[in-house]
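Enquirer: Compact mmCIF, C-alpha atoms, file coords.txt:
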# COMPACT_ATOMS: atom_id res chain seq x y z
CA MET A 1 -12.49 -9.13 14.08
CA SER A 2 -14.31 -6.75 11.72
CA PHE A 3 -16.15 -3.72 13.08
CA PHE A 4 -18.22 -3.42 9.90
CA LYS A 5 -20.38 -6.03 8.24
CA PHE A 6 -21.13 -5.63 4.55
CA ASP A 7 -23.26 -7.54 2.10
CA SER A 8 -21.51 -10.84 1.31
CA GLU A 9 -21.39 -10.08 -2.41
CA ILE A 10 -19.74 -6.69 -1.72
CA GLU A 11 -17.20 -8.37 0.57
CA LYS A 12 -16.38 -10.94 -2.12
CA MET A 13 -15.92 -8.26 -4.78
CA SER A 14 -13.80 -6.27 -2.34
CA GLU A 15 -11.44 -9.22 -1.89
CA THR A 16 -11.15 -9.57 -5.67
CA ALA A 17 -10.47 -5.85 -6.04
CA LEU A 18 -7.74 -5.96 -3.40
CA LYS A 19 -5.96 -8.77 -5.23
CA LYS A 20 -6.14 -6.84 -8.49
CA VAL A 21 -4.66 -3.65 -7.06
CA LYS A 22 -1.75 -5.24 -5.21
CA PRO A 23 0.81 -4.52 -8.00
CA VAL A 24 -0.71 -1.04 -8.42
CA PHE A 25 -0.13 -0.35 -4.71
CA GLU A 26 3.52 -1.38 -5.06
CA LYS A 27 4.01 1.20 -7.80
CA ILE A 28 2.28 3.88 -5.73
CA ASP A 29 4.53 3.08 -2.76
CA GLU A 30 7.64 3.49 -4.93
CA ILE A 31 6.52 6.98 -6.06
CA THR A 32 5.50 7.89 -2.52
CA GLU A 33 8.90 6.98 -1.11
CA TYR A 34 10.66 9.03 -3.79
CA ASN A 35 8.53 12.09 -3.09
CA GLN A 36 8.81 11.68 0.68
CA GLN A 37 12.58 11.69 0.45
CA LYS A 38 12.45 14.71 -1.87
CA VAL A 39 10.36 16.65 0.66
CA LEU A 40 12.57 15.58 3.57
CA SER A 41 15.60 16.75 1.60
CA SER A 42 14.00 20.16 1.05
CA PHE A 43 13.34 20.51 4.79
CA ARG A 44 16.97 19.70 5.57
CA ASN A 45 18.37 21.98 2.86
CA ASN A 46 16.33 24.94 4.12
CA ASN A 47 17.28 24.49 7.79
CA VAL A 48 13.75 24.18 9.11
CA SER A 49 13.93 24.60 12.88
CA GLU A 50 11.65 24.88 15.91
CA SER A 51 11.93 28.65 15.66
CA CYS A 52 10.26 28.47 12.23
CA LEU A 53 7.07 27.10 13.78
CA GLY A 54 6.12 30.03 16.01
CA GLU A 55 3.56 32.80 15.67
CA THR A 56 4.06 36.24 14.16
CA THR A 57 1.59 39.11 14.14
CA GLY A 58 1.09 42.54 12.63
CA TYR A 59 2.76 43.26 9.30
CA GLY A 60 4.79 40.06 9.34
CA TYR A 61 8.07 41.68 8.34
CA GLY A 62 10.98 39.26 8.73
CA ASP A 63 8.71 36.25 9.37
CA LYS A 64 11.39 33.56 9.50
CA GLY A 65 8.98 30.64 9.51
CA ARG A 66 6.91 31.96 6.60
CA ASP A 67 10.02 32.56 4.51
CA ALA A 68 11.47 29.13 5.32
CA LEU A 69 8.16 27.48 4.46
CA GLU A 70 8.09 29.16 1.08
CA SER A 71 11.69 28.29 0.19
CA THR A 72 11.14 24.70 1.36
CA PHE A 73 7.96 24.40 -0.68
CA ALA A 74 9.63 25.88 -3.75
CA GLU A 75 12.46 23.36 -3.62
CA ALA A 76 10.03 20.47 -3.11
CA VAL A 77 8.18 21.32 -6.33
CA GLY A 78 11.18 22.30 -8.43
CA ALA A 79 10.48 26.05 -8.44
CA GLU A 80 12.64 29.13 -7.97
CA SER A 81 10.21 30.79 -5.57
CA ALA A 82 6.83 30.27 -3.91
CA LEU A 83 4.02 31.96 -2.03
CA VAL A 84 2.44 29.66 0.57
CA ARG A 85 -0.19 31.54 2.56
CA HIS A 86 -3.18 30.80 4.74
CA THR A 87 -4.72 34.03 3.41
CA LEU A 88 -5.22 32.38 0.01
CA THR A 89 -8.69 31.14 0.84
CA CYS A 90 -9.17 28.35 -1.70
CA GLY A 91 -7.89 26.99 -4.99
CA THR A 92 -10.06 29.31 -7.09
CA HIS A 93 -8.88 32.35 -5.13
CA THR A 94 -5.25 31.28 -5.55
CA LEU A 95 -5.63 30.82 -9.30
CA THR A 96 -7.37 34.19 -9.50
CA VAL A 97 -4.52 35.94 -7.67
CA ALA A 98 -2.02 34.37 -10.09
CA LEU A 99 -4.01 35.28 -13.21
CA PHE A 100 -4.55 38.88 -12.15
CA GLY A 101 -0.90 39.11 -11.14
CA LEU A 102 0.32 37.98 -14.55
CA LEU A 103 -2.19 39.51 -16.98
CA ARG A 104 -2.75 43.14 -17.99
CA PRO A 105 -5.43 44.93 -20.07
CA GLY A 106 -5.14 43.93 -23.71
CA ASP A 107 -3.32 40.66 -22.95
CA ILE A 108 -4.66 37.39 -24.33
CA MET A 109 -5.08 34.34 -22.12
CA LEU A 110 -5.34 31.02 -23.98
CA SER A 111 -6.55 27.83 -22.33
CA ALA A 112 -4.79 24.85 -23.92
CA THR A 113 -7.07 22.33 -22.19
CA GLY A 114 -10.51 23.38 -23.37
CA THR A 115 -13.00 25.07 -21.08
CA PRO A 116 -11.62 25.32 -17.52
CA TYR A 117 -13.27 24.15 -14.31
CA ASP A 118 -16.65 25.72 -13.49
CA THR A 119 -15.56 27.93 -10.59
CA ILE A 120 -12.79 29.75 -12.50
CA LEU A 121 -15.12 30.83 -15.33
CA PRO A 122 -16.52 33.86 -13.41
CA THR A 123 -12.91 34.94 -12.77
CA ILE A 124 -12.22 34.82 -16.49
CA GLY A 125 -15.59 36.41 -17.24
CA THR A 126 -17.09 33.73 -19.49
CA ALA A 127 -19.73 32.84 -16.88
CA GLY A 128 -21.70 34.89 -14.40
CA GLU A 129 -22.71 38.53 -14.67
CA GLY A 130 -20.39 41.13 -16.14
CA GLY A 131 -19.13 44.10 -14.20
CA ARG A 132 -18.01 42.09 -11.20
CA GLY A 133 -14.28 42.46 -11.74
CA SER A 134 -13.48 39.55 -14.03
CA LEU A 135 -10.43 39.46 -16.29
CA ILE A 136 -12.61 40.30 -19.26
CA ASP A 137 -14.05 43.29 -17.35
CA PHE A 138 -10.46 44.54 -17.01
CA GLY A 139 -9.75 44.19 -20.72
CA VAL A 140 -8.06 40.80 -20.80
CA LYS A 141 -9.07 38.70 -23.80
CA TYR A 142 -9.78 34.99 -23.47
CA LYS A 143 -9.46 32.18 -26.00
CA GLU A 144 -9.29 28.41 -25.78
CA THR A 145 -8.34 25.44 -27.94
CA ALA A 146 -10.81 22.56 -27.85
CA LEU A 147 -9.72 19.13 -26.71
CA ARG A 148 -9.38 16.27 -29.17
CA GLU A 149 -12.06 13.59 -29.32
CA ASP A 150 -10.05 11.44 -26.89
CA GLY A 151 -9.96 14.30 -24.36
CA SER A 152 -6.29 15.13 -24.86
CA PRO A 153 -5.01 18.65 -25.60
CA ASP A 154 -4.79 19.56 -29.28
CA VAL A 155 -1.16 20.66 -29.50
CA ASP A 156 -1.42 21.36 -33.23
CA ALA A 157 -4.33 23.74 -32.63
CA LEU A 158 -2.34 25.37 -29.82
CA ILE A 159 0.61 25.99 -32.14
CA LYS A 160 -1.69 27.54 -34.76
CA ALA A 161 -3.19 29.84 -32.13
CA LEU A 162 0.27 30.88 -30.92
CA LYS A 163 1.37 31.72 -34.47
CA LYS A 164 -1.82 33.62 -35.25
CA GLU A 165 -1.56 36.29 -32.53
CA LYS A 166 0.53 37.23 -29.53
CA ILE A 167 -0.58 35.19 -26.53
CA LYS A 168 0.51 36.45 -23.10
CA LEU A 169 -0.43 33.40 -21.01
CA VAL A 170 -1.13 29.76 -21.83
CA TYR A 171 -3.31 28.15 -19.16
CA ILE A 172 -3.21 24.41 -18.49
CA GLN A 173 -5.65 22.63 -16.20
CA ARG A 174 -3.96 19.44 -15.08
CA SER A 175 -6.99 17.77 -13.53
CA ARG A 176 -10.19 16.94 -15.35
CA GLY A 177 -12.71 18.99 -13.36
CA TYR A 178 -16.28 17.79 -13.87
CA SER A 179 -15.45 16.03 -17.13
CA LEU A 180 -14.28 12.59 -18.12
CA ARG A 181 -11.26 13.70 -20.12
CA PRO A 182 -7.94 12.27 -18.92
CA SER A 183 -5.95 14.23 -16.37
CA LEU A 184 -2.63 15.43 -17.72
CA SER A 185 0.64 13.69 -17.04
CA VAL A 186 3.74 15.76 -16.43
CA LYS A 187 5.03 14.26 -19.68
CA LYS A 188 2.05 15.70 -21.58
CA ILE A 189 2.51 19.07 -19.86
CA ASP A 190 6.15 18.95 -20.97
CA GLU A 191 4.95 18.51 -24.56
CA ILE A 192 2.70 21.57 -24.26
CA VAL A 193 5.49 23.62 -22.67
CA ARG A 194 7.86 22.70 -25.49
CA ALA A 195 5.27 23.72 -28.09
CA VAL A 196 4.82 27.09 -26.39
CA ARG A 197 8.59 27.69 -26.10
CA GLU A 198 9.15 26.95 -29.79
CA ASN A 199 6.37 29.25 -30.99
CA SER A 200 5.89 31.99 -28.41
CA ASP A 201 7.24 33.80 -25.36
CA ALA A 202 3.96 33.26 -23.48
CA VAL A 203 3.93 32.46 -19.78
CA VAL A 204 2.83 28.87 -19.09
CA MET A 205 0.62 28.57 -16.01
CA VAL A 206 -0.65 25.25 -14.66
CA ASP A 207 -3.64 24.75 -12.40
CA ASN A 208 -1.94 21.96 -10.45
CA CYS A 209 -4.85 21.14 -8.12
CA TYR A 210 -5.11 17.43 -7.24
CA GLY A 211 -1.82 16.63 -9.03
CA GLU A 212 0.88 17.45 -6.48
CA PHE A 213 3.13 14.48 -5.54
CA VAL A 214 1.17 12.04 -7.71
CA GLU A 215 4.21 11.67 -9.98
CA LYS A 216 7.90 12.07 -9.28
CA GLU A 217 7.99 15.38 -11.15
CA GLU A 218 5.89 18.53 -11.01
CA PRO A 219 5.07 20.78 -13.99
CA THR A 220 7.75 23.24 -12.82
CA ASP A 221 10.34 20.48 -13.23
CA VAL A 222 9.61 20.42 -16.97
CA GLY A 223 9.55 24.17 -17.56
CA ALA A 224 6.11 25.44 -16.55
CA ASP A 225 6.52 29.05 -15.39
CA ILE A 226 3.87 29.07 -12.67
CA ILE A 227 1.88 26.41 -10.84
CA ALA A 228 -0.85 27.05 -8.31
CA GLY A 229 -3.07 25.02 -6.03
CA SER A 230 -4.84 24.59 -2.72
CA LEU A 231 -3.43 23.47 0.63
CA ILE A 232 -6.62 21.58 1.50
CA LYS A 233 -5.80 19.30 -1.38
CA ASN A 234 -2.60 17.23 -1.80
CA PRO A 235 0.14 19.61 -0.58
CA GLY A 236 -1.54 20.33 2.77
CA GLY A 237 -1.32 16.66 3.72
CA GLY A 238 -4.68 16.74 5.50
CA ILE A 239 -3.16 18.94 8.21
CA ALA A 240 -3.22 22.48 6.79
CA LYS A 241 -6.53 24.10 7.75
CA ASN A 242 -6.70 26.30 4.67
CA GLY A 243 -4.46 28.17 2.26
CA GLY A 244 -2.98 28.03 -1.19
CA TYR A 245 0.33 28.21 -3.03
CA ILE A 246 1.78 29.82 -6.14
CA ALA A 247 5.21 28.59 -7.23
CA GLY A 248 7.50 29.06 -10.20
CA LYS A 249 9.83 31.64 -11.73
CA LYS A 250 10.93 34.21 -9.16
CA LYS A 251 9.97 37.31 -11.17
CA LEU A 252 6.51 35.93 -11.93
CA VAL A 253 5.87 34.87 -8.34
CA GLU A 254 6.80 38.41 -7.33
CA LEU A 255 4.17 39.81 -9.72
CA CYS A 256 1.60 37.48 -8.15
CA SER A 257 2.64 38.66 -4.69
CA TYR A 258 1.79 42.26 -5.68
CA ARG A 259 -1.74 41.14 -6.45
CA MET A 260 -1.91 39.04 -3.27
CA THR A 261 -1.05 42.04 -1.07
CA THR A 262 -0.11 45.32 -2.75
CA PRO A 263 2.47 46.61 -5.25
CA GLY A 264 5.74 47.40 -3.53
CA LEU A 265 5.08 45.21 -0.49
CA GLY A 266 4.31 41.85 -2.10
CA ALA A 267 5.55 38.83 -0.16
CA GLU A 268 7.27 40.90 2.53
CA VAL A 269 4.02 41.32 4.47
CA GLY A 270 1.51 38.84 5.79
CA ALA A 271 2.00 37.55 9.31
CA SER A 272 1.70 33.79 9.68
CA LEU A 273 -0.44 34.10 12.86
CA GLY A 274 0.64 30.67 14.07
CA HIS A 275 -0.36 28.75 10.93
CA THR A 276 3.20 27.91 9.93
CA ARG A 277 3.42 24.72 12.00
CA GLU A 278 0.38 23.07 10.40
CA MET A 279 1.53 24.07 6.90
CA PHE A 280 5.02 22.66 7.50
CA MET A 281 3.52 19.46 8.89
CA GLY A 282 1.08 19.28 5.99
CA LEU A 283 3.83 19.62 3.40
CA PHE A 284 5.93 17.00 5.17
CA ASN A 285 2.96 14.61 5.29
CA ALA A 286 1.77 15.36 1.74
CA PRO A 287 3.58 12.61 -0.24
CA HIS A 288 2.34 9.88 2.12
CA VAL A 289 -1.25 11.11 2.22
CA THR A 290 -1.28 11.54 -1.56
CA GLY A 291 -0.19 7.92 -1.84
CA GLU A 292 -3.05 6.82 0.42
CA ALA A 293 -5.49 8.78 -1.75
CA LEU A 294 -4.13 7.10 -4.88
CA LYS A 295 -4.57 3.67 -3.30
CA THR A 296 -8.15 4.57 -2.41
CA ALA A 297 -8.82 5.67 -5.99
CA ALA A 298 -7.35 2.50 -7.52
CA TYR A 299 -9.29 0.26 -5.13
CA THR A 300 -12.54 2.13 -5.80
CA ALA A 301 -12.06 1.72 -9.55
CA ALA A 302 -11.40 -2.01 -9.18
CA LEU A 303 -14.41 -2.54 -6.90
CA PHE A 304 -16.90 -0.65 -9.06
CA GLU A 305 -15.58 -2.32 -12.20
CA GLU A 306 -16.41 -5.62 -10.47
CA MET A 307 -19.91 -4.24 -9.96
CA GLY A 308 -20.29 -3.52 -13.67
CA PHE A 309 -19.67 0.24 -13.70
CA VAL A 310 -17.22 2.18 -15.84
CA SER A 311 -14.37 3.87 -14.00
CA SER A 312 -11.97 6.56 -15.17
CA PRO A 313 -9.11 5.97 -14.87
CA ARG A 314 -9.36 2.18 -14.78
CA PHE A 315 -7.84 0.58 -11.71
CA ASP A 316 -4.52 -0.26 -13.38
CA GLU A 317 -4.05 2.89 -15.49
CA ASP A 318 -1.30 5.39 -14.73
CA ARG A 319 -2.60 8.23 -12.57
CA HIS A 320 -1.80 11.91 -12.82
CA ASP A 321 -4.14 13.25 -10.13
CA ILE A 322 -6.00 11.76 -7.16
CA ILE A 323 -9.47 11.91 -8.72
CA GLU A 324 -11.48 8.82 -9.58
CA ALA A 325 -14.63 9.15 -11.70
CA ILE A 326 -17.28 6.44 -11.69
CA LYS A 327 -20.16 6.47 -14.18
CA LEU A 328 -23.17 5.50 -12.08
CA LYS A 329 -25.77 5.51 -14.90
CA ASN A 330 -28.49 7.56 -13.17
CA SER A 331 -29.08 10.23 -10.53
CA GLU A 332 -30.45 7.73 -7.99
CA ASN A 333 -27.22 5.73 -7.99
CA LEU A 334 -25.22 8.94 -7.80
CA ILE A 335 -27.11 10.12 -4.74
CA ALA A 336 -26.86 6.65 -3.16
CA PHE A 337 -23.06 6.60 -3.67
CA CYS A 338 -22.57 9.96 -1.97
CA ARG A 339 -24.84 9.04 0.93
CA GLY A 340 -23.05 5.74 1.40
CA LEU A 341 -19.63 7.38 1.29
CA GLN A 342 -20.75 9.96 3.85
CA SER A 343 -21.91 7.22 6.21
CA GLY A 344 -18.35 5.88 6.39
CA ALA A 345 -16.79 9.23 7.28
CA PRO A 346 -15.12 9.92 10.65
CA VAL A 347 -16.95 13.26 10.91
CA ASP A 348 -20.68 13.75 10.26
CA SER A 349 -21.26 10.11 9.33
CA PHE A 350 -24.91 10.58 10.36
CA VAL A 351 -25.50 13.41 7.88
CA VAL A 352 -27.49 12.64 4.72
CA PRO A 353 -26.20 14.59 1.68
CA GLU A 354 -28.79 16.34 -0.48
CA PRO A 355 -28.37 17.94 -3.93
CA TRP A 356 -28.26 21.75 -3.72
CA ASP A 357 -27.59 24.89 -5.77
CA MET A 358 -23.93 25.39 -4.95
CA PRO A 359 -22.39 28.79 -5.83
CA GLY A 360 -20.28 28.67 -8.97
CA TYR A 361 -22.05 25.70 -10.57
CA ASP A 362 -24.81 25.60 -13.20
CA SER A 363 -26.45 22.37 -11.93
CA LYS A 364 -27.48 21.04 -8.55
CA VAL A 365 -24.48 19.46 -6.86
CA ILE A 366 -24.34 16.67 -4.29
CA MET A 367 -21.35 16.27 -2.03
CA ALA A 368 -20.17 13.70 0.48
CA ALA A 369 -17.50 15.16 2.72
CA GLY A 370 -17.22 14.01 6.30
CA THR A 371 -13.96 15.86 6.81
CA PHE A 372 -12.03 17.32 9.72
CA THR A 373 -11.36 20.43 7.64
CA LEU A 374 -14.39 21.82 5.85
CA GLY A 375 -14.08 21.28 2.09
CA SER A 376 -10.80 19.39 2.35
CA SER A 377 -10.63 17.20 -0.74
CA ILE A 378 -7.46 15.37 0.27
CA GLU A 379 -9.72 13.84 2.89
CA LEU A 380 -12.18 11.37 1.39
CA SER A 381 -14.94 13.13 -0.49
CA GLY A 382 -17.19 12.57 -3.46
CA ASP A 383 -19.17 15.10 -5.41
CA ALA A 384 -20.95 15.62 -8.71
CA PRO A 385 -23.42 17.80 -10.54
CA LEU A 386 -26.71 16.02 -11.16
CA ARG A 387 -26.40 15.91 -14.92
CA GLU A 388 -25.26 13.54 -17.62
CA PRO A 389 -23.21 11.33 -17.51
CA PHE A 390 -24.20 10.93 -13.80
CA ALA A 391 -20.61 10.30 -12.79
CA VAL A 392 -19.29 10.86 -9.30
CA TRP A 393 -15.85 12.40 -8.85
CA MET A 394 -14.23 10.94 -5.75
CA GLN A 395 -10.92 12.02 -4.27
CA GLY A 396 -8.81 11.73 -1.18
CA GLY A 397 -8.46 9.39 1.75
CA LEU A 398 -6.18 10.26 4.67
CA ASN A 399 -5.49 6.57 5.10
CA PHE A 400 -6.49 3.72 2.84
CA HIS A 401 -7.75 1.35 5.53
CA SER A 402 -10.40 3.78 6.72
CA ALA A 403 -11.24 5.02 3.23
CA LYS A 404 -11.83 1.43 2.06
CA VAL A 405 -14.63 1.10 4.61
CA ALA A 406 -16.35 4.24 3.34
CA VAL A 407 -16.03 3.07 -0.27
CA ASN A 408 -17.62 -0.24 0.70
CA PHE A 409 -20.52 1.65 2.28
CA ALA A 410 -20.91 3.52 -1.02
CA ALA A 411 -20.83 0.28 -3.01
CA GLU A 412 -23.43 -1.32 -0.77
CA ALA A 413 -25.72 1.72 -1.04
CA VAL A 414 -25.53 1.60 -4.84
CA LYS A 415 -26.20 -2.15 -4.83
CA ILE A 416 -29.32 -1.63 -2.67
CA GLN A 417 -30.52 1.22 -4.91
CA ASN A 418 -30.12 -0.97 -8.01
CA SER A 419 -32.14 -3.76 -6.43
CA LYS A 420 -35.22 -1.54 -5.95
I need this file expressed as structure tokens, please.
Expert:
Amino acid sequence: MSFFKFDSEIEKMSETALKKVKPVFEKIDEITEYNQQKVLSSFRNNNVSESCLGETTGYGYGDKGRDALESTFAEAVGAESALVRHTLTCGTHTLTVALFGLLRPGDIMLSATGTPYDTILPTIGTAGEGGRGSLIDFGVKYKETALREDGSPDVDALIKALKKEKIKLVYIQRSRGYSLRPSLSVKKIDEIVRAVRENSDAVVMVDNCYGEFVEKEEPTDVGADIIAGSLIKNPGGGIAKNGGYIAGKKKLVELCSYRMTTPGLGAEVGASLGHTREMFMGLFNAPHVTGEALKTAAYTAALFEEMGFVSSPRFDEDRHDIIEAIKLKNSENLIAFCRGLQSGAPVDSFVVPEPWDMPGYDSKVIMAAGTFTLGSSIELSGDAPLREPFAVWMQGGLNFHSAKVAVNFAAEAVKIQNSK
């Protein structure tokens, strides 16, 4: 018995999409099992116990659970050390802490993946008003190498830039942001790292948001010095209520810790306040939930390709993050998609999304996010600026079977809008 009745044409296309993605799901399951065993191994190797899950207060000196969480997380992502804190408020904040921890006045930061995501630009100082404490305000210089026509990083241009002047930090954004360029595979990140190592002593930092546990390796496994991301994306497993992580070389993580708290204290302070349990559970659950999100993305691509829309990546392409972009041709379809997706959410399904002027963006943005944790993009959500190419960027799905229903609501809403 079905609890939801969809348009017969949508149901037929859904059945076709499910048949198409069956071999894709098998591949996702194989990666998920590998990563789940890797995470379980890290828990065992770091002697996680019931006593690690309790609350600490005050300064947080000797917080056993916090320290065990960070060593467990570091091992799970192939890093020497990690900071995993609920006090890192979001992905942008976490990236900002890392950048300010690693860069000094006069240093040059070079983005190897073109212009970064909208919300990090005020941190760099290339967007927003000056004088607000950006890197550029503090004397850090910023440069970038443009992407190739196919959206891939221009490694030759990167090498030329590295030979031209002394670069302190090479910045790599793994995910696409609000663009249609391909997300970066760990293999491609390895190529960039090798180019940097052969031509410079620059630190390689990767914005790893949306990419954790999508592949069997992380950027730190192939030599990236620092990775950073948000716990309300993949590595929080839909359980962590907030937080972020910075992981990588021990000395560099220590520098970031001095920016996170204060020089001399660093990672030694910061009571967990009872958040350790949910962060441990989130990390443990992360490979499975990431797999469910990948299944949701592949199914969505297959369904909307059946409907005549262009998806990126296509349903059967290799994936390097959890994001699925669908070109919906016009703003009306874009709004309809988000409203349909929202109607299939477990929380706030009755809410009707409206475009609004969201802080950090230069266009009106519409978002569908009926999530248990506000802003959690490992839970099913879809968002986009109302501008060309009128694509929606969808991510997440705590479990595929529920997410499929919401995607079908989105498909039906777009079909109705097109029939007007």
Enquirer: Using only C-alpha atoms, determine which residues lie at most 7 Å from segment 294-303 of chain A, disregarding the query and same-chain residues fewer than 4 positions distant; provide the list as a list in words.
Expert: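 Listed by chain and then number, they are Met13, Ser14, Ala17, Leu18, Val21, Phe25, Thr290, Met307, Ser311, Arg314, Phe315, Ile322, Ile323, Glu324, Gln395, Gly397, Phe400, Ala403, Lys404 and Val407 of chain A.
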Enquirer: Give me the box for segment 315-322 of chain A as AutoDock Vina command-line options, namely the centre and edge lengths in Å to one decimal of a box along x, y and z that holds every listed atom plus 4 Å on each side.
Expert:
--center_x -4.6 --center_y 6.5 --center_z -11.3 --size_x 14.5 --size_y 21.5 --size_z 16.3
Enquirer: Work out how far atom CA of Val253 of chain A is from atom CA of Glu55 of chain A, in Å to one decimal.
Expert: 24.2 Å
Enquirer: By how many Å are atom CA of Phe390 of chain A and atom CA of Asp362 of chain A apart?
Expert: 14.7 Å
Enquirer: Quick one: contact table of segment 244-293 of chain A to segment 103-124 of chain A, 12 Å max, nearest atom pair and distance in Å to one decimal per residue, counting only C-alpha atoms, chain and number order, as a tab-separated table?
Expert:
residue	atom	partner	partner_atom	distance
A:Leu252	CA	A:Leu103	CA	10.7
A:Leu255	CA	A:Leu103	CA	9.7
A:Cys256	CA	A:Leu103	CA	9.8
A:Arg259	CA	A:Leu103	CA	10.7
Enquirer: Counting all atoms listed in the file, which residues of segment 53-146 of chain A fall within 12 Å of segment 26-35 of chain A, and what is the closest atom pair for each with its distance in Å at one decimal, ordered by chain and rising number, as CSV?
Expert:
residue,atom,partner,partner_atom,distance
A:Glu75,CA,A:Asn35,CA,11.9
A:Ala76,CA,A:Asn35,CA,8.5
A:Val77,CA,A:Asn35,CA,9.8
A:Gly78,CA,A:Asn35,CA,11.8
Enquirer: Could you name the residues that touch segment 330-336 of chain A at 7 Å or less, counting all atoms listed in the file, but leaving out those on the same chain fewer than 6 positions away, as an mmCIF file with C-alpha atoms, in the frame of the given file?
Expert:
data_model
loop_
_atom_site.group_PDB
_atom_site.id
_atom_site.type_symbol
_atom_site.label_atom_id
_atom_site.label_comp_id
_atom_site.auth_asym_id
_atom_site.auth_seq_id
_atom_site.Cartn_x
_atom_site.Cartn_y
_atom_site.Cartn_z
ATOM 1 C CA LEU A 386 -26.710 16.020 -11.160
ATOM 2 C CA PHE A 390 -24.200 10.930 -13.800
ATOM 3 C CA ALA A 391 -20.610 10.300 -12.790
ATOM 4 C CA VAL A 392 -19.290 10.860 -9.300
ATOM 5 C CA ALA A 413 -25.720 1.720 -1.040
ATOM 6 C CA VAL A 414 -25.530 1.600 -4.840
ATOM 7 C CA GLN A 417 -30.520 1.220 -4.910
#
Enquirer: Return as a tab-separated table the residues of segment 270-369 of chain A lying at most 10 Å from segment 84-88 of chain A, together with the closest atom-to-atom pair for each and the distance in Å to one decimal, counting only C-alpha atoms, with rows in chain order and ascending residue number.
Expert:
residue	atom	partner	partner_atom	distance
A:Gly270	CA	A:Arg85	CA	8.2
A:Ala271	CA	A:Arg85	CA	9.3
A:Ser272	CA	A:His86	CA	7.6
A:Leu273	CA	A:His86	CA	9.2
A:His275	CA	A:His86	CA	7.1
A:Thr276	CA	A:His86	CA	8.7
A:Met279	CA	A:His86	CA	8.5
Enquirer: Could you tell me how far atom CA of Gly65 of chain A lies from atom CA of Met205 of chain A, in Å and to one decimal?
Expert: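 Value for the atom CA of Gly65 of chain A-atom CA of Met205 of chain A distance: 26.9 Å.
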Enquirer: Counting only C-alpha atoms, find residues at most 6 Å from (-21.3, 13.7, -0.9) (file frame) and give them as an MDAnalysis selection string.
Expert: chainID A and resid 338 353 366:369 382:383
Enquirer: Nearest to Glu278 of chain A among A:Ile326, A:Ile239, A:Leu231, A:Ile246, with distances taken over all atoms listed in the file: which residue is it?
Expert: A:Ile239
Enquirer: Applying 8 Å and all atoms listed in the file, which residues near segment 215-229 of chain A remain after dropping the ones on its own chain fewer than 3 positions away? List them as a JSON list (two decimals) with C-alpha atoms, in the frame of the given file.
Expert:
[["chain", "number", "residue", "atom", "x", "y", "z"],
["A", 31, "ILE", "CA", 6.52, 6.98, -6.06],
["A", 34, "TYR", "CA", 10.66, 9.03, -3.79],
["A", 35, "ASN", "CA", 8.53, 12.09, -3.09],
["A", 77, "VAL", "CA", 8.18, 21.32, -6.33],
["A", 78, "GLY", "CA", 11.18, 22.30, -8.43],
["A", 79, "ALA", "CA", 10.48, 26.05, -8.44],
["A", 91, "GLY", "CA", -7.89, 26.99, -4.99],
["A", 94, "THR", "CA", -5.25, 31.28, -5.55],
["A", 95, "LEU", "CA", -5.63, 30.82, -9.30],
["A", 98, "ALA", "CA", -2.02, 34.37, -10.09],
["A", 186, "VAL", "CA", 3.74, 15.76, -16.43],
["A", 189, "ILE", "CA", 2.51, 19.07, -19.86],
["A", 190, "ASP", "CA", 6.15, 18.95, -20.97],
["A", 193, "VAL", "CA", 5.49, 23.62, -22.67],
["A", 203, "VAL", "CA", 3.93, 32.46, -19.78],
["A", 204, "VAL", "CA", 2.83, 28.87, -19.09],
["A", 205, "MET", "CA", 0.62, 28.57, -16.01],
["A", 206, "VAL", "CA", -0.65, 25.25, -14.66],
["A", 207, "ASP", "CA", -3.64, 24.75, -12.40],
["A", 208, "ASN", "CA", -1.94, 21.96, -10.45],
["A", 209, "CYS", "CA", -4.85, 21.14, -8.12],
["A", 210, "TYR", "CA", -5.11, 17.43, -7.24],
["A", 211, "GLY", "CA", -1.82, 16.63, -9.03],
["A", 212, "GLU", "CA", 0.88, 17.45, -6.48],
["A", 233, "LYS", "CA", -5.80, 19.30, -1.38],
["A", 244, "GLY", "CA", -2.98, 28.03, -1.19],
["A", 245, "TYR", "CA", 0.33, 28.21, -3.03],
["A", 246, "ILE", "CA", 1.78, 29.82, -6.14],
["A", 247, "ALA", "CA", 5.21, 28.59, -7.23],
["A", 248, "GLY", "CA", 7.50, 29.06, -10.20],
["A", 249, "LYS", "CA", 9.83, 31.64, -11.73],
["A", 252, "LEU", "CA", 6.51, 35.93, -11.93],
["A", 253, "VAL", "CA", 5.87, 34.87, -8.34],
["A", 320, "HIS", "CA", -1.80, 11.91, -12.82]]
Enquirer: Which protein, DNA or RNA residues are at most 8 Å from (-19.1, 9.2, 1.5) in the file's coordinates when you count only C-alpha atoms, listed as a list in words?
Expert: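 Neighbouring residues, ordered by chain and number, come to Phe337, Cys338, Arg339, Gly340, Leu341, Gln342, Ser343, Gly344, Ala345, Ala368, Ala369, Gly370, Leu380, Ser381, Gly382, Ala406, Val407, Phe409 and Ala410 of chain A.
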Enquirer: So, counting all atoms listed in the file, which residue among A:Lys143, A:Arg277, A:Lys187, A:His401 is closest to Glu50 of chain A?
Expert: A:Arg277
Enquirer: Give the answer as one residue: which of A:Asn199, A:Glu254, A:Gln173, A:Gly274 has the shortest atom-to-atom distance to Lys241 of chain A, using all atoms listed in the file?
Expert: A:Gly274
Enquirer: Give the answer as one residue: which of A:Leu40, A:Cys52, A:Ile192, A:Ala267 has the shortest atom-to-atom distance to Lys64 of chain A, using only C-alpha atoms?
Expert: A:Cys52
